[in-house]
$ cat coords33.cif   # mmCIF, C-alpha atoms
data_my_file
#
loop_
_atom_site.group_PDB
_atom_site.id
_atom_site.type_symbol
_atom_site.label_atom_id
_atom_site.label_comp_id
_atom_site.auth_asym_id
_atom_site.auth_seq_id
_atom_site.Cartn_x
_atom_site.Cartn_y
_atom_site.Cartn_z
ATOM 1 C CA MET K 1 10.169 -2.342 -23.361
ATOM 2 C CA THR K 2 11.429 -2.412 -19.762
ATOM 3 C CA ARG K 3 9.398 0.711 -18.953
ATOM 4 C CA THR K 4 6.260 -0.833 -20.487
ATOM 5 C CA ILE K 5 6.697 -3.995 -18.417
ATOM 6 C CA SER K 6 7.175 -1.847 -15.298
ATOM 7 C CA LEU K 7 3.994 0.109 -16.020
ATOM 8 C CA LEU K 8 2.064 -3.138 -16.529
ATOM 9 C CA SER K 9 3.585 -4.466 -13.290
ATOM 10 C CA ALA K 10 2.372 -1.369 -11.454
ATOM 11 C CA LEU K 11 -1.111 -1.746 -12.947
ATOM 12 C CA LEU K 12 -1.345 -5.445 -12.008
ATOM 13 C CA CYS K 13 -0.028 -4.619 -8.545
ATOM 14 C CA THR K 14 -2.730 -1.964 -8.131
ATOM 15 C CA PHE K 15 -5.481 -4.317 -9.291
ATOM 16 C CA ILE K 16 -4.357 -6.940 -6.757
ATOM 17 C CA TRP K 17 -4.193 -4.348 -3.963
ATOM 18 C CA GLY K 18 -7.657 -3.031 -4.779
ATOM 19 C CA THR K 19 -9.355 -6.422 -4.902
ATOM 20 C CA THR K 20 -7.485 -7.582 -1.805
ATOM 21 C CA PHE K 21 -9.569 -5.155 0.268
ATOM 22 C CA ILE K 22 -12.400 -7.661 -0.188
ATOM 23 C CA ALA K 23 -10.287 -10.499 1.198
ATOM 24 C CA GLN K 24 -9.148 -8.276 4.073
ATOM 25 C CA ASP K 25 -12.734 -7.354 4.889
ATOM 26 C CA THR K 26 -14.216 -10.861 4.695
ATOM 27 C CA GLY K 27 -11.168 -12.549 6.249
ATOM 28 C CA MET K 28 -11.892 -11.263 9.765
ATOM 29 C CA ASP K 29 -15.154 -13.087 10.420
ATOM 30 C CA ASP K 30 -13.455 -15.544 12.792
ATOM 31 C CA ILE K 31 -10.023 -14.027 13.497
ATOM 32 C CA GLY K 32 -8.611 -10.681 14.580
ATOM 33 C CA PRO K 33 -6.791 -8.173 12.344
ATOM 34 C CA PHE K 34 -3.305 -8.939 13.666
ATOM 35 C CA THR K 35 -3.841 -12.686 13.415
ATOM 36 C CA PHE K 36 -4.982 -12.174 9.829
ATOM 37 C CA ASN K 37 -1.960 -10.016 8.989
ATOM 38 C CA SER K 38 0.566 -12.287 10.680
ATOM 39 C CA VAL K 39 -0.628 -15.362 8.761
ATOM 40 C CA ARG K 40 -1.219 -13.408 5.555
ATOM 41 C CA PHE K 41 2.266 -11.906 5.414
ATOM 42 C CA PHE K 42 3.949 -15.126 6.490
ATOM 43 C CA VAL K 43 2.192 -16.844 3.582
ATOM 44 C CA GLY K 44 3.467 -14.003 1.391
ATOM 45 C CA PHE K 45 6.996 -14.598 2.686
ATOM 46 C CA LEU K 46 6.769 -18.318 1.885
ATOM 47 C CA ALA K 47 5.469 -17.487 -1.602
ATOM 48 C CA ILE K 48 8.387 -15.156 -2.401
ATOM 49 C CA LEU K 49 11.219 -17.042 -0.672
ATOM 50 C CA PRO K 50 11.783 -19.805 -3.300
ATOM 51 C CA PHE K 51 11.957 -17.229 -6.104
ATOM 52 C CA ALA K 52 14.273 -14.959 -4.114
ATOM 53 C CA PHE K 53 16.546 -17.905 -3.382
ATOM 54 C CA TYR K 54 16.553 -19.176 -6.972
ATOM 55 C CA PHE K 55 16.939 -15.866 -8.824
ATOM 56 C CA GLU K 56 18.852 -13.652 -6.388
ATOM 57 C CA TYR K 57 20.838 -15.816 -3.964
ATOM 58 C CA GLY K 58 24.221 -15.267 -5.618
ATOM 59 C CA LYS K 59 23.666 -11.564 -6.252
ATOM 60 C CA ALA K 60 22.272 -11.024 -2.743
ATOM 61 C CA LYS K 61 25.223 -12.797 -1.176
ATOM 62 C CA LEU K 62 27.605 -10.469 -3.022
ATOM 63 C CA GLU K 63 25.717 -7.182 -2.492
ATOM 64 C CA LEU K 64 24.896 -7.826 1.173
ATOM 65 C CA SER K 65 28.479 -8.769 1.971
ATOM 66 C CA LEU K 66 29.492 -5.289 0.814
ATOM 67 C CA ASP K 67 26.970 -3.313 2.884
ATOM 68 C CA LEU K 68 24.796 -5.480 5.140
ATOM 69 C CA LYS K 69 24.368 -2.663 7.677
ATOM 70 C CA THR K 70 22.638 -0.316 5.199
ATOM 71 C CA PHE K 71 20.450 -3.115 3.862
ATOM 72 C CA SER K 72 19.388 -4.123 7.392
ATOM 73 C CA PHE K 73 18.634 -0.510 8.339
ATOM 74 C CA PHE K 74 16.392 0.219 5.335
ATOM 75 C CA SER K 75 14.806 -3.243 5.499
ATOM 76 C CA PHE K 76 13.749 -2.441 9.051
ATOM 77 C CA LEU K 77 12.355 0.917 7.920
ATOM 78 C CA ILE K 78 10.301 -0.505 5.038
ATOM 79 C CA GLY K 79 9.167 -3.471 7.158
ATOM 80 C CA SER K 80 8.081 -1.221 10.026
ATOM 81 C CA SER K 81 6.299 1.195 7.675
ATOM 82 C CA LEU K 82 4.506 -1.674 5.959
ATOM 83 C CA PHE K 83 3.527 -3.175 9.314
ATOM 84 C CA LEU K 84 2.072 0.081 10.654
ATOM 85 C CA GLY K 85 0.295 0.940 7.391
ATOM 86 C CA SER K 86 -1.223 -2.515 6.952
ATOM 87 C CA ALA K 87 -2.120 -2.844 10.650
ATOM 88 C CA LEU K 88 -4.000 0.463 10.748
ATOM 89 C CA GLN K 89 -5.723 -0.374 7.468
ATOM 90 C CA GLN K 90 -6.729 -3.853 8.667
ATOM 91 C CA VAL K 91 -8.113 -2.610 11.995
ATOM 92 C CA ALA K 92 -9.946 0.203 10.189
ATOM 93 C CA LEU K 93 -11.860 -2.318 8.080
ATOM 94 C CA LEU K 94 -13.625 -3.406 11.273
ATOM 95 C CA TYR K 95 -15.231 0.041 11.394
ATOM 96 C CA THR K 96 -15.556 1.393 7.855
ATOM 97 C CA ASP K 97 -16.473 0.290 4.341
ATOM 98 C CA VAL K 98 -14.059 -1.040 1.725
ATOM 99 C CA ALA K 99 -14.453 2.016 -0.535
ATOM 100 C CA ASN K 100 -13.700 4.422 2.317
ATOM 101 C CA ALA K 101 -10.629 2.467 3.345
ATOM 102 C CA ALA K 102 -9.330 2.219 -0.218
ATOM 103 C CA PHE K 103 -9.783 5.873 -1.133
ATOM 104 C CA PHE K 104 -8.410 7.222 2.138
ATOM 105 C CA THR K 105 -5.406 4.927 1.697
ATOM 106 C CA ILE K 106 -4.427 6.690 -1.553
ATOM 107 C CA PHE K 107 -3.917 9.876 0.484
ATOM 108 C CA TYR K 108 -0.319 8.633 0.528
ATOM 109 C CA VAL K 109 0.189 9.935 -3.040
ATOM 110 C CA PRO K 110 0.138 13.683 -2.226
ATOM 111 C CA LEU K 111 1.684 12.911 1.185
ATOM 112 C CA VAL K 112 4.893 11.514 -0.349
ATOM 113 C CA PRO K 113 6.246 14.848 -1.707
ATOM 114 C CA ILE K 114 5.140 16.666 1.470
ATOM 115 C CA ILE K 115 7.094 14.232 3.660
ATOM 116 C CA ILE K 116 10.133 14.501 1.369
ATOM 117 C CA PHE K 117 9.868 18.308 1.577
ATOM 118 C CA LEU K 118 9.684 18.302 5.382
ATOM 119 C CA PHE K 119 12.538 15.868 6.001
ATOM 120 C CA VAL K 120 14.813 16.263 2.964
ATOM 121 C CA LYS K 121 14.012 19.920 2.210
ATOM 122 C CA LYS K 122 13.395 19.064 -1.440
ATOM 123 C CA SER K 123 11.301 21.641 -3.276
ATOM 124 C CA ILE K 124 7.609 20.910 -3.573
ATOM 125 C CA HIS K 125 5.438 21.686 -6.628
ATOM 126 C CA TRP K 126 2.612 24.163 -6.024
ATOM 127 C CA SER K 127 0.043 21.635 -7.303
ATOM 128 C CA ILE K 128 0.355 19.679 -4.043
ATOM 129 C CA TRP K 129 -1.664 22.258 -2.108
ATOM 130 C CA PRO K 130 -4.812 22.287 -4.325
ATOM 131 C CA SER K 131 -4.399 18.504 -4.499
ATOM 132 C CA VAL K 132 -4.484 18.232 -0.700
ATOM 133 C CA THR K 133 -7.492 20.590 -0.613
ATOM 134 C CA LEU K 134 -9.382 18.370 -3.080
ATOM 135 C CA CYS K 135 -8.485 15.295 -1.018
ATOM 136 C CA LEU K 136 -9.766 16.944 2.163
ATOM 137 C CA VAL K 137 -13.042 17.964 0.492
ATOM 138 C CA GLY K 138 -13.335 14.450 -0.897
ATOM 139 C CA GLY K 139 -12.665 13.024 2.531
ATOM 140 C CA TYR K 140 -15.451 15.131 3.972
ATOM 141 C CA LEU K 141 -17.913 13.893 1.324
ATOM 142 C CA LEU K 142 -16.797 10.278 1.600
ATOM 143 C CA THR K 143 -17.086 10.041 5.374
ATOM 144 C CA ASN K 144 -20.470 9.681 7.052
ATOM 145 C CA PHE K 145 -19.953 12.132 9.908
ATOM 146 C CA TYR K 146 -23.108 11.073 11.692
ATOM 147 C CA ASP K 147 -21.557 7.662 12.337
ATOM 148 C CA ALA K 148 -18.778 7.820 14.958
ATOM 149 C CA THR K 149 -17.674 4.252 14.199
ATOM 150 C CA ILE K 150 -17.067 5.020 10.521
ATOM 151 C CA ARG K 151 -15.245 8.232 11.490
ATOM 152 C CA LEU K 152 -12.906 6.161 13.673
ATOM 153 C CA GLY K 153 -12.240 3.720 10.831
ATOM 154 C CA ASP K 154 -11.584 6.507 8.328
ATOM 155 C CA GLY K 155 -9.240 8.225 10.786
ATOM 156 C CA LEU K 156 -7.197 5.044 11.195
ATOM 157 C CA VAL K 157 -6.875 4.679 7.423
ATOM 158 C CA ILE K 158 -5.716 8.295 7.035
ATOM 159 C CA LEU K 159 -3.093 7.736 9.752
ATOM 160 C CA GLY K 160 -2.070 4.559 7.948
ATOM 161 C CA ALA K 161 -1.626 6.545 4.714
ATOM 162 C CA PHE K 162 1.311 8.315 6.352
ATOM 163 C CA PHE K 163 3.099 4.992 6.806
ATOM 164 C CA TRP K 164 2.256 3.872 3.259
ATOM 165 C CA SER K 165 3.968 7.115 2.200
ATOM 166 C CA THR K 166 7.120 6.368 4.176
ATOM 167 C CA HIS K 167 7.093 2.824 2.809
ATOM 168 C CA ILE K 168 7.135 4.095 -0.788
ATOM 169 C CA ILE K 169 9.914 6.574 0.050
ATOM 170 C CA PHE K 170 12.108 3.974 1.744
ATOM 171 C CA VAL K 171 11.476 1.419 -1.039
ATOM 172 C CA GLY K 172 12.636 4.023 -3.565
ATOM 173 C CA ILE K 173 15.856 4.448 -1.578
ATOM 174 C CA ILE K 174 16.670 0.797 -0.913
ATOM 175 C CA ILE K 175 15.970 -0.418 -4.460
ATOM 176 C CA LYS K 176 18.478 2.110 -5.836
ATOM 177 C CA LYS K 177 21.140 0.802 -3.461
ATOM 178 C CA PHE K 178 20.336 -2.907 -3.785
ATOM 179 C CA ASN K 179 18.957 -4.404 -7.015
ATOM 180 C CA LEU K 180 17.217 -7.213 -5.105
ATOM 181 C CA PRO K 181 13.415 -6.820 -5.452
ATOM 182 C CA LEU K 182 12.602 -10.423 -4.497
ATOM 183 C CA THR K 183 14.922 -10.430 -1.489
ATOM 184 C CA ILE K 184 13.600 -7.081 -0.284
ATOM 185 C CA GLY K 185 10.016 -8.302 -0.750
ATOM 186 C CA ALA K 186 10.704 -11.467 1.252
ATOM 187 C CA VAL K 187 12.435 -9.612 4.084
ATOM 188 C CA GLN K 188 9.730 -6.965 4.486
ATOM 189 C CA THR K 189 6.890 -9.517 4.555
ATOM 190 C CA LEU K 190 8.730 -11.534 7.216
ATOM 191 C CA ILE K 191 9.157 -8.407 9.346
ATOM 192 C CA VAL K 192 5.440 -7.574 9.064
ATOM 193 C CA ALA K 193 4.455 -11.157 9.902
ATOM 194 C CA PHE K 194 6.714 -11.130 12.974
ATOM 195 C CA PHE K 195 5.464 -7.780 14.346
ATOM 196 C CA SER K 196 1.828 -8.749 13.664
ATOM 197 C CA PHE K 197 2.335 -12.055 15.477
ATOM 198 C CA ILE K 198 3.770 -10.293 18.537
ATOM 199 C CA VAL K 199 0.772 -7.945 18.814
ATOM 200 C CA GLY K 200 -1.726 -10.711 18.030
ATOM 201 C CA PHE K 201 -0.135 -13.029 20.609
ATOM 202 C CA PHE K 202 -0.897 -10.555 23.406
ATOM 203 C CA TYR K 203 -4.268 -9.201 22.271
ATOM 204 C CA GLU K 204 -5.881 -11.942 20.145
ATOM 205 C CA GLU K 205 -6.338 -15.698 20.077
ATOM 206 C CA PHE K 206 -4.561 -17.890 17.521
ATOM 207 C CA ILE K 207 -7.053 -20.718 16.968
ATOM 208 C CA LEU K 208 -6.096 -22.999 14.088
ATOM 209 C CA GLN K 209 -9.678 -23.872 13.128
ATOM 210 C CA ASN K 210 -10.658 -20.203 12.978
ATOM 211 C CA ILE K 211 -7.637 -19.460 10.817
ATOM 212 C CA MET K 212 -8.543 -22.322 8.482
ATOM 213 C CA ASN K 213 -12.069 -20.913 8.191
ATOM 214 C CA GLU K 214 -10.516 -17.828 6.569
ATOM 215 C CA ILE K 215 -7.930 -19.687 4.489
ATOM 216 C CA ASP K 216 -9.267 -18.503 1.100
ATOM 217 C CA SER K 217 -9.012 -14.835 2.082
ATOM 218 C CA ILE K 218 -5.618 -15.410 3.717
ATOM 219 C CA LEU K 219 -4.172 -17.136 0.647
ATOM 220 C CA TYR K 220 -5.446 -14.436 -1.715
ATOM 221 C CA ALA K 221 -4.209 -11.597 0.489
ATOM 222 C CA GLY K 222 -1.002 -13.438 1.352
ATOM 223 C CA ILE K 223 0.230 -14.879 -1.924
ATOM 224 C CA LEU K 224 -1.085 -12.213 -4.306
ATOM 225 C CA SER K 225 -1.089 -9.022 -2.239
ATOM 226 C CA GLY K 226 1.356 -9.693 0.594
ATOM 227 C CA GLY K 227 3.788 -11.436 -1.721
ATOM 228 C CA ILE K 228 3.521 -10.936 -5.474
ATOM 229 C CA ALA K 229 2.025 -7.404 -5.503
ATOM 230 C CA PHE K 230 4.724 -5.889 -3.300
ATOM 231 C CA VAL K 231 7.419 -7.449 -5.489
ATOM 232 C CA LEU K 232 5.651 -5.968 -8.528
ATOM 233 C CA GLN K 233 5.663 -2.594 -6.746
ATOM 234 C CA ILE K 234 9.389 -2.808 -6.054
ATOM 235 C CA TYR K 235 10.105 -3.850 -9.648
ATOM 236 C CA ALA K 236 7.907 -1.043 -11.011
ATOM 237 C CA GLN K 237 9.630 1.599 -8.867
ATOM 238 C CA GLN K 238 12.943 0.308 -10.167
ATOM 239 C CA ASN K 239 12.232 1.380 -13.745
ATOM 240 C CA ILE K 240 9.654 4.194 -13.636
ATOM 241 C CA THR K 241 9.663 7.500 -11.782
ATOM 242 C CA PRO K 242 7.442 8.074 -8.715
ATOM 243 C CA ALA K 243 4.929 10.281 -10.597
ATOM 244 C CA PRO K 244 3.551 7.757 -13.120
ATOM 245 C CA ALA K 245 3.858 4.997 -10.517
ATOM 246 C CA ALA K 246 1.785 7.004 -8.034
ATOM 247 C CA ILE K 247 -0.867 7.730 -10.678
ATOM 248 C CA ILE K 248 -1.286 4.013 -11.351
ATOM 249 C CA PHE K 249 -1.207 3.104 -7.644
ATOM 250 C CA SER K 250 -3.968 5.644 -6.992
ATOM 251 C CA LEU K 251 -6.353 3.470 -9.033
ATOM 252 C CA GLU K 252 -6.348 1.080 -6.085
ATOM 253 C CA GLY K 253 -9.395 2.851 -4.690
ATOM 254 C CA VAL K 254 -11.274 2.511 -7.980
ATOM 255 C CA PHE K 255 -10.617 -1.239 -8.214
ATOM 256 C CA ALA K 256 -11.605 -1.715 -4.559
ATOM 257 C CA THR K 257 -14.856 0.228 -4.923
ATOM 258 C CA ILE K 258 -15.899 -1.726 -8.029
ATOM 259 C CA ALA K 259 -15.034 -5.033 -6.329
ATOM 260 C CA ALA K 260 -16.968 -4.058 -3.178
ATOM 261 C CA TRP K 261 -19.965 -3.106 -5.291
ATOM 262 C CA PHE K 262 -20.028 -6.431 -7.164
ATOM 263 C CA LEU K 263 -18.981 -8.801 -4.356
ATOM 264 C CA LEU K 264 -20.208 -7.171 -1.133
ATOM 265 C CA ASP K 265 -23.120 -5.032 -2.382
ATOM 266 C CA GLN K 266 -21.514 -1.978 -0.770
ATOM 267 C CA ILE K 267 -23.116 0.800 -2.793
ATOM 268 C CA LEU K 268 -21.962 4.386 -2.291
ATOM 269 C CA GLY K 269 -24.334 7.320 -1.983
ATOM 270 C CA VAL K 270 -24.154 10.311 -4.334
ATOM 271 C CA SER K 271 -22.062 12.422 -1.924
ATOM 272 C CA ASN K 272 -19.748 9.452 -1.315
ATOM 273 C CA VAL K 273 -19.205 9.046 -5.056
ATOM 274 C CA TRP K 274 -18.347 12.744 -5.330
ATOM 275 C CA GLY K 275 -15.927 12.258 -2.454
ATOM 276 C CA CYS K 276 -14.177 9.484 -4.394
ATOM 277 C CA ILE K 277 -14.005 11.708 -7.492
ATOM 278 C CA PHE K 278 -12.509 14.611 -5.519
ATOM 279 C CA ILE K 279 -9.872 12.394 -3.898
ATOM 280 C CA LEU K 280 -8.932 10.728 -7.190
ATOM 281 C CA GLY K 281 -8.867 14.135 -8.892
ATOM 282 C CA GLY K 282 -6.605 15.544 -6.173
ATOM 283 C CA VAL K 283 -4.228 12.615 -6.440
ATOM 284 C CA LEU K 284 -4.007 12.870 -10.239
ATOM 285 C CA LEU K 285 -3.592 16.664 -10.078
ATOM 286 C CA SER K 286 -0.560 16.338 -7.806
ATOM 287 C CA GLN K 287 1.134 14.033 -10.312
ATOM 288 C CA LEU K 288 0.061 15.348 -13.728
ATOM 289 C CA LEU K 289 0.713 19.099 -13.347
ATOM 290 C CA PRO K 290 4.455 18.735 -12.649
ATOM 291 C CA ILE K 291 4.763 16.422 -15.672
ATOM 292 C CA LEU K 292 2.899 18.890 -17.943
ATOM 293 C CA LYS K 293 5.112 21.728 -16.690
ATOM 294 C CA LYS K 294 8.287 19.789 -17.546
ATOM 295 C CA LYS K 295 6.967 18.983 -21.034
ATOM 296 C CA SER K 296 6.052 22.628 -21.697
ATOM 297 C CA ASN K 297 9.513 23.757 -20.533
ATOM 298 C CA ASN K 298 11.167 21.224 -22.848
ATOM 299 C CA ILE K 299 9.102 22.479 -25.792
ATOM 300 C CA LEU K 300 10.128 26.062 -25.045
#

$ encode --input "coords33.cif" --output "structure tokens"
Amino acid sequence: MTRTISLLSALLCTFIWGTTFIAQDTGMDDIGPFTFNSVRFFVGFLAILPFAFYFEYGKAKLELSLDLKTFSFFSFLIGSSLFLGSALQQVALLYTDVANAAFFTIFYVPLVPIIIFLFVKKSIHWSIWPSVTLCLVGGYLLTNFYDATIRLGDGLVILGAFFWSTHIIFVGIIIKKFNLPLTIGAVQTLIVAFFSFIVGFFYEEFILQNIMNEIDSILYAGILSGGIAFVLQIYAQQNITPAPAAIIFSLEGVFATIAAWFLLDQILGVSNVWGCIFILGGVLLSQLLPILKKKSNNIL
């Protein structure tokens, strides 16, 4: 039952992430990307804080008193990774379409085992390499190479995928050490809001009226995506292994593309659609083949 709830949590989280690309895209008509992120994640922090305080205050007080240093270290790592990933993604949406941004973001799925292999020296399944090849071919088909602006946006998203990868890795570590999904979610959103505010303070203008003009997008992205979805992610990773979680999270691009089609009239060309299929296929390949191999070994 717990595993089923975790899988449903991951699916709901992915749906929120995918549809939030619309709010991220439309929420920058009057404000800059760092202003949007600072307000969005602060709203997310405010949304999580009461629940963290009510459900986890006693447990957090006990666990953090035992090892506050480790918690602070990994909180900084997940907060920094989330800031860099979300910042690059948000800026990229100024230059590229929602579908491109969403599908290039899920590059983090095959990147996770590669990063673990490079830094932890953990063995890597052979399926990663054809998976990466499919993702690269898909990236080529999805990007309009004649448009330098779109190429810039896609490049920023791909760079951001690296930090989404490190965020998933660090979340997997911290949640095993501290069973505090709400507290971790609140802390990481506060860190992102703070870093985004610092950058926005120097490079953008915080005008209250302009922020209020985008309040619908900010509330959707803040409360649902910046707050609830990341808590759902942490809870899901607590009870299911990275492989099925990554498969579900990879549907983010599908949800975003459908939402962009219905709400923004962003229709992909034939080659772009094939690019999406190749990327999704590569992501699923990297996760399903190791699972099938384990099942076949167990049968034998």

$ closest_atom_pairs --input "coords33.cif" --of "stretch 171-236 of chain K" --to "stretch 53-71 of chain K" --cutoff "8 Å" --atoms "all atoms listed in the file" --output "tab-separated table"
residue	atom	partner	partner_atom	distance
K:Ile174	CA	K:Phe71	CA	7.2
K:Phe178	CA	K:Glu63	CA	7.0
K:Leu180	CA	K:Ala60	CA	6.8
K:Leu182	CA	K:Glu56	CA	7.3
K:Thr183	CA	K:Glu56	CA	7.1

$ closest_residue --input "coords33.cif" --among "K:Thr257, K:Ser75, K:Gln188, K:Ser250" --to "K:Leu11" --atoms "all atoms listed in the file"
K:Ser250

$ residues_around --input "coords33.cif" --residues "stretch 12-17 of chain K" --least-positions-apart "3" --cutoff "6 Å" --atoms "all atoms listed in the file" --output "list in words"
Ser9, Thr20, Ser225, Ala229, Leu232, Phe249 and Glu252 of chain K

$ resolve_selection --input "coords33.cif" --expression "the PyMOL selection byres ((chain K and resi 165) around 12)" --output "JSON, numbers by chain"
{"K": [77, 78, 81, 82, 84, 85, 86, 105, 106, 107, 108, 109, 110, 111, 112, 113, 114, 115, 116, 158, 159, 160, 161, 162, 163, 164, 166, 167, 168, 169, 170, 171, 172, 242, 246, 249]}

$ resolve_selection --input "coords33.cif" --expression "the PyMOL selection byres ((chain K and resi 30-37) around 9)" --output "PyMOL selection string"
chain K and resi 24+27-29+38-42+83+86-87+90-91+93-94+192-193+195-201+203-207+210-211+213-214+218+221-222

$ closest_residue --input "coords33.cif" --among "K:Met212, K:Thr2, K:Asp97, K:Phe119" --to "K:Trp261" --atoms "only C-alpha atoms"
K:Asp97
